[in-house]
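Participant: Before I ask anything, here is the structure I am working with.
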Amino acid sequence: MSRLWYPVRKFFGNMFGRPLAAATSLLSLLLLFLLFDLVWISAQTVDAHFRQLLSTLEMELFFAEDLPDSTVTLIRETVLTLDGVKNIDYTSKEAARQRLQDLMGTDLLEGFDDNPLPRSLTITFWDNYLGSEQLQQFKGRIERISGISEIYYPRGWLEKTEVTLSWVSRIVLFLGIVIFLTVALHIIHAIRLSVRVHEEEIRQMRLLGAGKLFLSLPYMFEGKFYALAASVAGWAIVHYGQYRYSFQSFEVVLPPLTDIVYFCIIAAAVGFLGGYLGARRPL
Amino acid sequence: MSRLWYPVRKFFGNMFGRPLAAATSLLSLLLLFLLFDLVWISAQTVDAHFRQLLSTLEMELFFAEDLPDSTVTLIRETVLTLDGVKNIDYTSKEAARQRLQDLMGTDLLEGFDDNPLPRSLTITFWDNYLGSEQLQQFKGRIERISGISEIYYPRGWLEKTEVTLSWVSRIVLFLGIVIFLTVALHIIHAIRLSVRVHEEEIRQMRLLGAGKLFLSLPYMFEGKFYALAASVAGWAIVHYGQYRYSFQSFEVVLPPLTDIVYFCIIAAAVGFLGGYLGARRPL
Amino acid sequence: MDKQNTAVELVDIKLSNDAGACLFEGLNLSLAQGETAIIIGPTGVGKTSLVELLCGCRRQDAGTVIIFGQPVKIGNGHTLTAVRRKIGGVGGIFKLISYQTVYENLLAPLIICGERPSVQKTRVNQVLMDFRLQSKKCDKARELSRGQQILVMLARAIIADQPLLIIDEPLAGLDAAMAGEVLELLRRFSVAGHTMVILSTGRTGLEIPNAKVLYIKDGILQ
Amino acid sequence: MDKQNTAVELVDIKLSNDAGACLFEGLNLSLAQGETAIIIGPTGVGKTSLVELLCGCRRQDAGTVIIFGQPVKIGNGHTLTAVRRKIGGVGGIFKLISYQTVYENLLAPLIICGERPSVQKTRVNQVLMDFRLQSKKCDKARELSRGQQILVMLARAIIADQPLLIIDEPLAGLDAAMAGEVLELLRRFSVAGHTMVILSTGRTGLEIPNAKVLYIKDGILQ
Ligand SMILES: Nc1ncnc2c1ncn2[C@@H]1O[C@H](COP(=O)(O)OP(=O)(O)OP(=O)(O)O)[C@@H](O)[C@H]1O
Ligand SMILES: Nc1ncnc2c1ncn2[C@@H]1O[C@H](COP(=O)(O)OP(=O)(O)OP(=O)(O)O)[C@@H](O)[C@H]1O
Ligand SMILES: [Mg+2]
Ligand SMILES: [Mg+2]
């Protein structure tokens, strides 16, 4: 066994020498990572759901009765050039009447001489412009255009949604940190146990002149292995679960694969570090 | 130190002899319990939210145009005696017109000779009757009453909500089991570490004639202590958090205190058992 | 010999080591209460293995081990603990708990046999005085030199009036003065009526009156 | 003495134990390469403590420890490991790794000094043959008798050509035959040019030609 191979062999020896301990370590880390994955997925799903709802948000802009059609056209073109505007739909008096008729089943305005419904513009926005502040500013800007009688958008709903989203992200961040801390502590614990089991060996190897890094490498590998295997297995289970069970009632949004890969790499690094910290003390 | 006191003293000695290990064990268990608590609270909150929405569910029942008012009254009284019905509101043709007028701003029906809007009943139900199956049965029963032209209730929404609720409870159950398993494994791990540290002592005490139970009791106490302290601290943090931060956007529903107490007792039992399992092997 | 007075009885013991080589075959030993046996054998002959059999730490391939009338059998938890409480051990598999103090080490047998705390305290202090270990009372066991450790083990072996003492290699690594001291203690134990099994590689220096001297040879005691 | 040829040098060592009692004060020792020192002292005088100082396992209160020209200091990781690789130890703080086989125990120094695997194998097998331990090659260290353990430790102490051997109580608990064998090995090591520090409670039987015999008395070597 050469000096380079020793830590690797030792690592395998330690794992297979105590299969039960290794299995329980792996299992509980797997469970923790599964929790993390589920929290992450929930966050993504909720987020996607809300973003999808948000993307249907429209602002309605009603014109004054006495505004000439030419001015309406002008305003329409001006608004279309404004920042963040994705699309504009013009609703004429007749279109509004038709829409009401479709809605109510009969033409309720049959008796009227004049059509009382106003002309309006329906504005939709680009996704990154759908903040309550930005829309408020936008409203402020077009309010100053004379001839616009009323501007409506679901401001209350938007603000509520934003608060919810920020709470979701805060809670997810908190949970994520909590779970990751637990993972790190757990790895340190598992490694400490492994180190304790091999304490006698470590002490004698130190006396024979082995370096600290040399002796702690197997345990760092062990930590890395636990974290990496558990995190990969966690995602595998999640993907299998999603493939097995079709969720009719809502669409589950998994994080993109690159994020998952990064996550597993970070987990492995945490495992490596945890192994280092766990092995450090008794040396 | 008498034989009865020994396990207790030993337990304290073990804890204070390795304060760092005890602290990390406690901390990671605390984090796990906190996760459990948060999952539980989320479930309660979501559940309460949906139940509140459900409780506003109404069924609308429209009468045929040619039905005499006396029959309408009769039907109304019959329906009121049916199982599950909490309240009934009668909407006459005039009331319907008034309501439409309130909605639209002007009396759209001014031009009509006859009021085309039908008479209707709005039925609300007791909470335990608000299942999609029960309402479907209810609808089937009153459909057979002649003179009722249409029955409407948000069936699609109700079913969707029920599926969501069942998913929430399934996920919460799954997460709960996952977290509790992790807790148990973690305790076993922590105890195994503690036992390993005192292996020399345990071996010599065995040689001197100490019994297995006698020697494992301190570790069982240790497991119980970890679990109990961590679960109680978890709930304390949750309560403090709820007291500190007021959630304007939604109401957080904590489980009742008796449930929390039961939970902590169960946690302690799991800790005791985990301690037993962790201490068993090396004896 | 009267069964009632038999302290240690080994009948037809057979034992092999892990490699399958036979250590003992048809080994017999009978020791009356108060008797002392000095068992001599070169290194590797199985002296410590014999101690393991007496304490129920290792399973014989055949034969029976009986201590004070009770059969020693691995797995029979209750009689095993009862038997072990009657045994005081020094050296070999018996070690001090290295991270505990001398006081705590001496306390262990008293705690295990359920002595009252006040009795424990006076007993430990008395024994510490007897063995002239008062100054080491609060030292950790691992910080003692070997000679001091053997003294503490001897003290632990009789602190709860254990009737049977098993002493593995009592004089190894001791200087002449300390060896004399230990020997004097062993003689005192013998006079006090303790049954003793002493295992050693050589006879030199082990002069204990009325002791049976036995040699392990060809797997039996001669 | 020529600095270059000095293997071990202790200068004005002062050491107290935890209780504050002084073990050494102004202790000096200088050992040329290839020289053997037999250090005699009764139990508890601090022989094992001296070994701990030589290996950098314990911090002296004052003075310097120099091994092959390198100062031994706790905390100075790099020189400490370099120094330790030159030391082969037997007994006292040096123990076998109980749950590893004899083969694995002998491999350890070779792995640490970075020997090539093929060389490792031949070297271990050669040493096993030299020490007549072939039959024990795959036995766990804890299953060996004390005599066999000492043999394995001696083999481990020279397997990587460690120039300095520290041997704590070499003959303790060995029968006459085994003691003779060990002594013969020590003489061979001495002839082969190893520097040796041998610590023992008594002189008896430790006849090594050209050995300096020193006594620990009143905290110094005489
Ligand atoms: N736990 C064990 N399992 C299997 N074999 C063992 C065990 N312990 C020792 N042996 C084997 O039994 C033989 C005798 O070992 P033991 O330690 O009993 O000798 P000993 O007479 O006490 O020697 P020493 O005087 O050197 O202590 C050895 O060859 C060893 O291989
Ligand atoms: N790690 C330590 N820390 C503090 N004091 C110690 C330590 N190890 C030993 N001592 C003290 O140093 C003294 C000498 O112990 P040491 O083990 O060096 O003696 P020794 O000469 O090797 O004896 P023996 O021949 O019995 O092995 C003892 O009285 C002990 O109290
Ligand atoms: Mg032995
Ligand atoms: Mg010593």
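In the structure tokens, each chain is lettered A, B, ... as it comes, each chain's residues begin at 1, and ligands are numbered from 1 in order of appearance.
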Could you list, as a PyMOL selection string, the residues of chain A having an atom within 10 Å of chain B when counting only C-alpha atoms?

Facilitator: chain A and resi 21+24-25+27-32+34-35+38-39+107-112+159-161+163-164+167+171+175+177-186+188-197+199+247-250

Participant: List all protein, DNA and RNA residues that have an atom no more than 10 Å from any atom of ligand 1, counting only C-alpha atoms and all ligand atoms, and report them as a ChimeraX atom specification.

Facilitator: /C:15-24,39-52,57-59,91-93,168-169,172,199-202,216 /D:135-136,139-150,172-175,178

Participant: Can you list, as an mmCIF file with C-alpha atoms, in the first residue's frame, every protein, DNA or RNA residue that comes within 12 Å of region 132-134 of chain A when you count only C-alpha atoms, leaving out same-chain residues fewer than 5 positions away?

Facilitator:
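Writing the result to part_32.cif gives the following:
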data_model
loop_
_atom_site.group_PDB
_atom_site.id
_atom_site.type_symbol
_atom_site.label_atom_id
_atom_site.label_comp_id
_atom_site.auth_asym_id
_atom_site.auth_seq_id
_atom_site.Cartn_x
_atom_site.Cartn_y
_atom_site.Cartn_z
ATOM 1 C CA LEU A 54 -48.594 37.143 -11.748
ATOM 2 C CA LEU A 57 -51.834 40.400 -14.340
ATOM 3 C CA MET A 59 -53.698 46.854 -16.039
ATOM 4 C CA ASP A 83 -40.750 50.563 -20.435
ATOM 5 C CA GLY A 84 -41.977 47.131 -19.391
ATOM 6 C CA VAL A 85 -45.089 47.053 -21.540
ATOM 7 C CA PHE A 125 -46.231 43.564 -18.735
ATOM 8 C CA TRP A 126 -42.963 41.710 -19.036
ATOM 9 C CA ASP A 127 -42.316 39.374 -16.105
ATOM 10 C CA LYS A 139 -49.521 54.113 -13.038
ATOM 11 C CA GLY A 140 -48.226 57.406 -11.732
ATOM 12 C CA ARG A 141 -46.633 58.148 -15.065
ATOM 13 C CA TYR A 153 -54.979 46.933 -11.623
ATOM 14 C CA PRO A 154 -55.271 44.390 -8.730
ATOM 15 C CA ARG A 155 -52.896 46.260 -6.471
ATOM 16 C CA GLY A 156 -54.008 44.685 -3.208
ATOM 17 C CA TRP A 157 -53.722 41.235 -4.631
ATOM 18 C CA LEU A 158 -50.288 42.006 -6.071
ATOM 19 C CA GLU A 159 -48.980 43.274 -2.747
ATOM 20 C CA LYS A 160 -50.374 40.314 -0.875
ATOM 21 C CA THR A 161 -48.770 37.960 -3.370
ATOM 22 C CA GLU A 162 -45.442 39.702 -3.029
ATOM 23 C CA VAL A 163 -45.545 39.465 0.752
#

Participant: Could you please tell me, as a list in words, which residues of chain B have an atom within 6 Å of chain C when using only C-alpha atoms?

Facilitator: Met1, Ser2, Arg3, Glu201, Leu208, Gly209 and Ala210 of chain B

Participant: Take the residues just selected and output them with C-alpha atoms as a PDB file, in the first residue's frame.

Facilitator:
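As written to disk, out12.pdb reads:
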ATOM      1  CA  MET B   1     -22.479   6.847  45.280  1.00  0.00           C
ATOM      2  CA  SER B   2     -25.172   4.232  45.744  1.00  0.00           C
ATOM      3  CA  ARG B   3     -26.238   1.836  43.010  1.00  0.00           C
ATOM      4  CA  GLU B 201     -14.867   1.810  31.540  1.00  0.00           C
ATOM      5  CA  LEU B 208     -16.160  -6.385  37.869  1.00  0.00           C
ATOM      6  CA  GLY B 209     -19.681  -7.780  37.657  1.00  0.00           C
ATOM      7  CA  ALA B 210     -21.898  -4.865  36.653  1.00  0.00           C
TER       8      ALA B 210
END

Participant: Between D:Gly34, D:Ile198, D:Ala179, D:Asp218, which is the closest to ligand 4 once you count only C-alpha atoms and all ligand atoms?

Facilitator: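 When distances to ligand 4 are compared using only C-alpha atoms and all ligand atoms, the smallest one comes from D:Ile198.
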
Participant: Would you pick out the contacts of Pro218 (chain A) at 7 Å or less, using only C-alpha atoms, so that residues sharing its chain but fewer than 3 positions from it are not included, and give the list as a ChimeraX atom specification?

Facilitator: /A:7-8,10-11,215,221-222

Participant: Would you list the contacts of Leu186 (chain C) as a count of residues only, taking every protein, DNA or RNA residue within 8 Å and counting only C-alpha atoms, but skipping same-chain residues closer than 4 positions in sequence?

Facilitator: 3

Participant: Looking only at the backbone, which of the residues in region 55-123 of chain A does DSSP tag as alpha helix (DSSP H), as a ChimeraX atom specification?

Facilitator: /A:55,69-80,93-104

Participant: Using only C-alpha atoms and all ligand atoms, can you tell me which of C:Leu164, C:Val191, C:Val90, C:Leu183 comes closest to ligand 3?

Facilitator: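 For ligand 3, the nearest of the given residues is C:Val90.
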
Participant: Excluding region 28-33 of chain C and residues on its chain fewer than 3 positions from it, collect all residues at most 12 Å away from it, counting only C-alpha atoms, and give them as a tab-separated table (two decimals) with N, CA and C atoms, in the first residue's frame.

Facilitator:
chain	number	residue	atom	x	y	z
C	1	MET	N	-12.49	-34.04	47.67
C	1	MET	CA	-12.59	-32.72	48.30
C	1	MET	C	-14.06	-32.34	48.48
C	2	ASP	N	-14.34	-31.70	49.56
C	2	ASP	CA	-15.71	-31.26	49.82
C	2	ASP	C	-16.15	-30.23	48.78
C	3	LYS	N	-17.24	-30.53	48.10
C	3	LYS	CA	-17.77	-29.64	47.06
C	3	LYS	C	-18.00	-28.23	47.60
C	4	GLN	N	-18.50	-28.18	48.84
C	4	GLN	CA	-18.87	-26.90	49.43
C	4	GLN	C	-17.70	-25.95	49.56
C	5	ASN	N	-16.55	-26.52	49.76
C	5	ASN	CA	-15.39	-25.67	49.98
C	5	ASN	C	-14.56	-25.42	48.71
C	6	THR	N	-15.07	-25.90	47.58
C	6	THR	CA	-14.31	-25.72	46.36
C	6	THR	C	-14.53	-24.32	45.80
C	7	ALA	N	-13.46	-23.59	45.60
C	7	ALA	CA	-13.57	-22.24	45.09
C	7	ALA	C	-13.58	-22.25	43.57
C	8	VAL	N	-12.60	-22.93	43.00
C	8	VAL	CA	-12.45	-22.96	41.55
C	8	VAL	C	-12.40	-24.40	41.10
C	9	GLU	N	-13.18	-24.71	40.09
C	9	GLU	CA	-13.10	-26.06	39.57
C	9	GLU	C	-13.16	-26.02	38.04
C	10	LEU	N	-12.12	-26.50	37.41
C	10	LEU	CA	-12.09	-26.62	35.96
C	10	LEU	C	-12.12	-28.10	35.64
C	11	VAL	N	-13.07	-28.53	34.82
C	11	VAL	CA	-13.20	-29.96	34.51
C	11	VAL	C	-13.05	-30.17	33.01
C	12	ASP	N	-12.03	-30.92	32.64
C	12	ASP	CA	-11.85	-31.36	31.26
C	12	ASP	C	-11.94	-30.23	30.24
C	13	ILE	N	-11.29	-29.15	30.55
C	13	ILE	CA	-11.37	-27.98	29.67
C	13	ILE	C	-10.63	-28.24	28.37
C	14	LYS	N	-11.28	-27.88	27.28
C	14	LYS	CA	-10.61	-27.91	25.98
C	14	LYS	C	-10.74	-26.52	25.38
C	24	PHE	N	-5.47	-25.95	25.33
C	24	PHE	CA	-5.68	-26.90	26.43
C	24	PHE	C	-6.49	-28.07	25.92
C	25	GLU	N	-6.24	-29.23	26.50
C	25	GLU	CA	-7.11	-30.37	26.23
C	25	GLU	C	-7.13	-31.24	27.47
C	36	THR	N	-4.02	-21.27	47.39
C	36	THR	CA	-3.38	-20.44	46.39
C	36	THR	C	-2.74	-21.33	45.34
C	37	ALA	N	-3.00	-21.01	44.07
C	37	ALA	CA	-2.35	-21.76	43.00
C	37	ALA	C	-1.46	-20.81	42.22
C	38	ILE	N	-0.21	-21.21	42.05
C	38	ILE	CA	0.68	-20.44	41.19
C	38	ILE	C	0.83	-21.22	39.92
C	39	ILE	N	0.38	-20.64	38.82
C	39	ILE	CA	0.42	-21.37	37.56
C	39	ILE	C	1.53	-20.78	36.70
C	50	LEU	N	-6.61	-18.68	30.16
C	50	LEU	CA	-7.20	-19.35	31.31
C	50	LEU	C	-7.99	-18.36	32.17
C	54	LEU	N	-12.00	-18.25	33.27
C	54	LEU	CA	-12.50	-18.14	34.64
C	54	LEU	C	-13.51	-17.01	34.78
C	62	ALA	N	-14.87	-27.26	25.20
C	62	ALA	CA	-15.52	-28.34	25.94
C	62	ALA	C	-15.14	-28.20	27.41
C	63	GLY	N	-15.89	-28.87	28.30
C	63	GLY	CA	-15.58	-28.82	29.71
C	63	GLY	C	-16.40	-27.78	30.45
C	64	THR	N	-16.25	-27.76	31.79
C	64	THR	CA	-17.02	-26.80	32.58
C	64	THR	C	-16.11	-26.02	33.51
C	65	VAL	N	-16.53	-24.77	33.75
C	65	VAL	CA	-15.83	-23.91	34.70
C	65	VAL	C	-16.81	-23.64	35.83
C	66	ILE	N	-16.42	-23.95	37.02
C	66	ILE	CA	-17.31	-23.71	38.16
C	66	ILE	C	-16.58	-22.87	39.19
C	67	ILE	N	-17.17	-21.74	39.56
C	67	ILE	CA	-16.57	-20.86	40.57
C	67	ILE	C	-17.53	-20.77	41.73
C	68	PHE	N	-17.07	-21.11	42.91
C	68	PHE	CA	-17.92	-21.12	44.11
C	68	PHE	C	-19.25	-21.81	43.83
C	69	GLY	N	-19.18	-22.93	43.18
C	69	GLY	CA	-20.38	-23.74	42.94
C	69	GLY	C	-21.25	-23.28	41.79
C	163	PRO	N	-13.68	-12.87	47.32
C	163	PRO	CA	-12.99	-14.05	47.87
C	163	PRO	C	-11.94	-14.65	46.93
C	164	LEU	N	-12.11	-14.44	45.60
C	164	LEU	CA	-11.17	-15.05	44.66
C	164	LEU	C	-10.33	-13.98	43.97
C	165	LEU	N	-9.02	-14.10	44.05
C	165	LEU	CA	-8.15	-13.13	43.38
C	165	LEU	C	-7.46	-13.81	42.21
C	190	SER	N	-3.20	-14.14	51.21
C	190	SER	CA	-3.30	-15.59	51.38
C	190	SER	C	-3.65	-15.94	52.82
C	191	VAL	N	-2.97	-15.28	53.74
C	191	VAL	CA	-3.22	-15.52	55.16
C	191	VAL	C	-4.64	-15.10	55.51
C	192	ALA	N	-5.11	-14.02	54.87
C	192	ALA	CA	-6.45	-13.52	55.18
C	192	ALA	C	-7.54	-14.42	54.65
C	193	GLY	N	-7.15	-15.48	53.93
C	193	GLY	CA	-8.16	-16.45	53.49
C	193	GLY	C	-8.66	-16.28	52.07
C	194	HIS	N	-8.05	-15.36	51.32
C	194	HIS	CA	-8.45	-15.24	49.92
C	194	HIS	C	-7.98	-16.45	49.13
C	195	THR	N	-8.82	-16.93	48.23
C	195	THR	CA	-8.36	-17.92	47.26
C	195	THR	C	-7.63	-17.16	46.18
C	196	MET	N	-6.46	-17.64	45.77
C	196	MET	CA	-5.71	-16.89	44.76
C	196	MET	C	-5.28	-17.77	43.61
C	197	VAL	N	-5.39	-17.21	42.40
C	197	VAL	CA	-4.79	-17.85	41.23
C	197	VAL	C	-3.77	-16.88	40.69
C	211	ALA	N	1.43	-22.52	48.86
C	211	ALA	CA	0.89	-22.40	47.51
C	211	ALA	C	1.17	-23.67	46.72
C	212	LYS	N	0.13	-24.08	45.96
C	212	LYS	CA	0.31	-25.14	44.98
C	212	LYS	C	1.02	-24.55	43.79
C	213	VAL	N	2.07	-25.14	43.31
C	213	VAL	CA	2.70	-24.65	42.09
C	213	VAL	C	2.39	-25.61	40.95
C	214	LEU	N	1.81	-25.10	39.90
C	214	LEU	CA	1.42	-25.93	38.77
C	214	LEU	C	2.07	-25.40	37.50
C	215	TYR	N	2.40	-26.30	36.61
C	215	TYR	CA	3.01	-25.90	35.34
C	215	TYR	C	2.07	-26.25	34.21
C	216	ILE	N	1.89	-25.31	33.28
C	216	ILE	CA	1.11	-25.64	32.08
C	216	ILE	C	2.07	-26.30	31.09
C	219	GLY	N	-0.78	-28.67	27.27
C	219	GLY	CA	-2.22	-28.42	27.35
C	219	GLY	C	-2.88	-28.83	28.65
C	220	ILE	N	-2.11	-29.30	29.62
C	220	ILE	CA	-2.73	-29.59	30.92
C	220	ILE	C	-1.87	-29.01	32.03
C	221	LEU	N	-2.42	-29.03	33.24
C	221	LEU	CA	-1.68	-28.53	34.41
C	221	LEU	C	-0.99	-29.69	35.10
C	222	GLN	N	0.29	-29.56	35.35
C	222	GLN	CA	1.03	-30.65	35.99
C	222	GLN	C	1.60	-30.20	37.32

Participant: I'd like to know which of C:Val72, C:Ala177, C:Val119, C:Ile167 is closest to ligand 2, using only C-alpha atoms and all ligand atoms.

Facilitator: C:Ala177

Participant: Have a look at C:Gly205, C:Gly180, C:Met129, C:Cys138 and name the one nearest to chain D; count only C-alpha atoms.

Facilitator: C:Cys138

Participant: Could you jot down the atom 4 (C, counted along the ligand's line) of ligand 2 to CA of Arg206 (chain A) separation for me, Å, one decimal place?

Facilitator: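 Going from atom 4 (C, counted along the ligand's line) of ligand 2 over to CA of Arg206 (chain A), I get 19.8 Å.
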
Participant: Apply DSSP to the backbone of this structure and, from region 140-188 of chain C, keep only the residues in strand (DSSP E or B); write these as a list in words.

Facilitator: Lys140, Leu164, Leu165, Ile166, Ile167 and Asp168 of chain C

Participant: Distance CA of Thr122 (chain A)-CA of Leu103 (chain B), one decimal place?

Facilitator: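 Computed distance, CA of Thr122 (chain A) to CA of Leu103 (chain B), equals 21.4 Å.
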
Participant: Do you know which residues are at most 7 Å from region 256-264 of chain A counting only C-alpha atoms, after dropping those on the same chain fewer than 3 positions away, and could you put them as a ChimeraX atom specification?

Facilitator: /A:228,231-232,267-268

Participant: May I ask which of the residues D:Gln162, D:Lys217, D:Glu207, D:Lys137 is the closest one to chain C, counting only C-alpha atoms?

Facilitator: D:Lys137
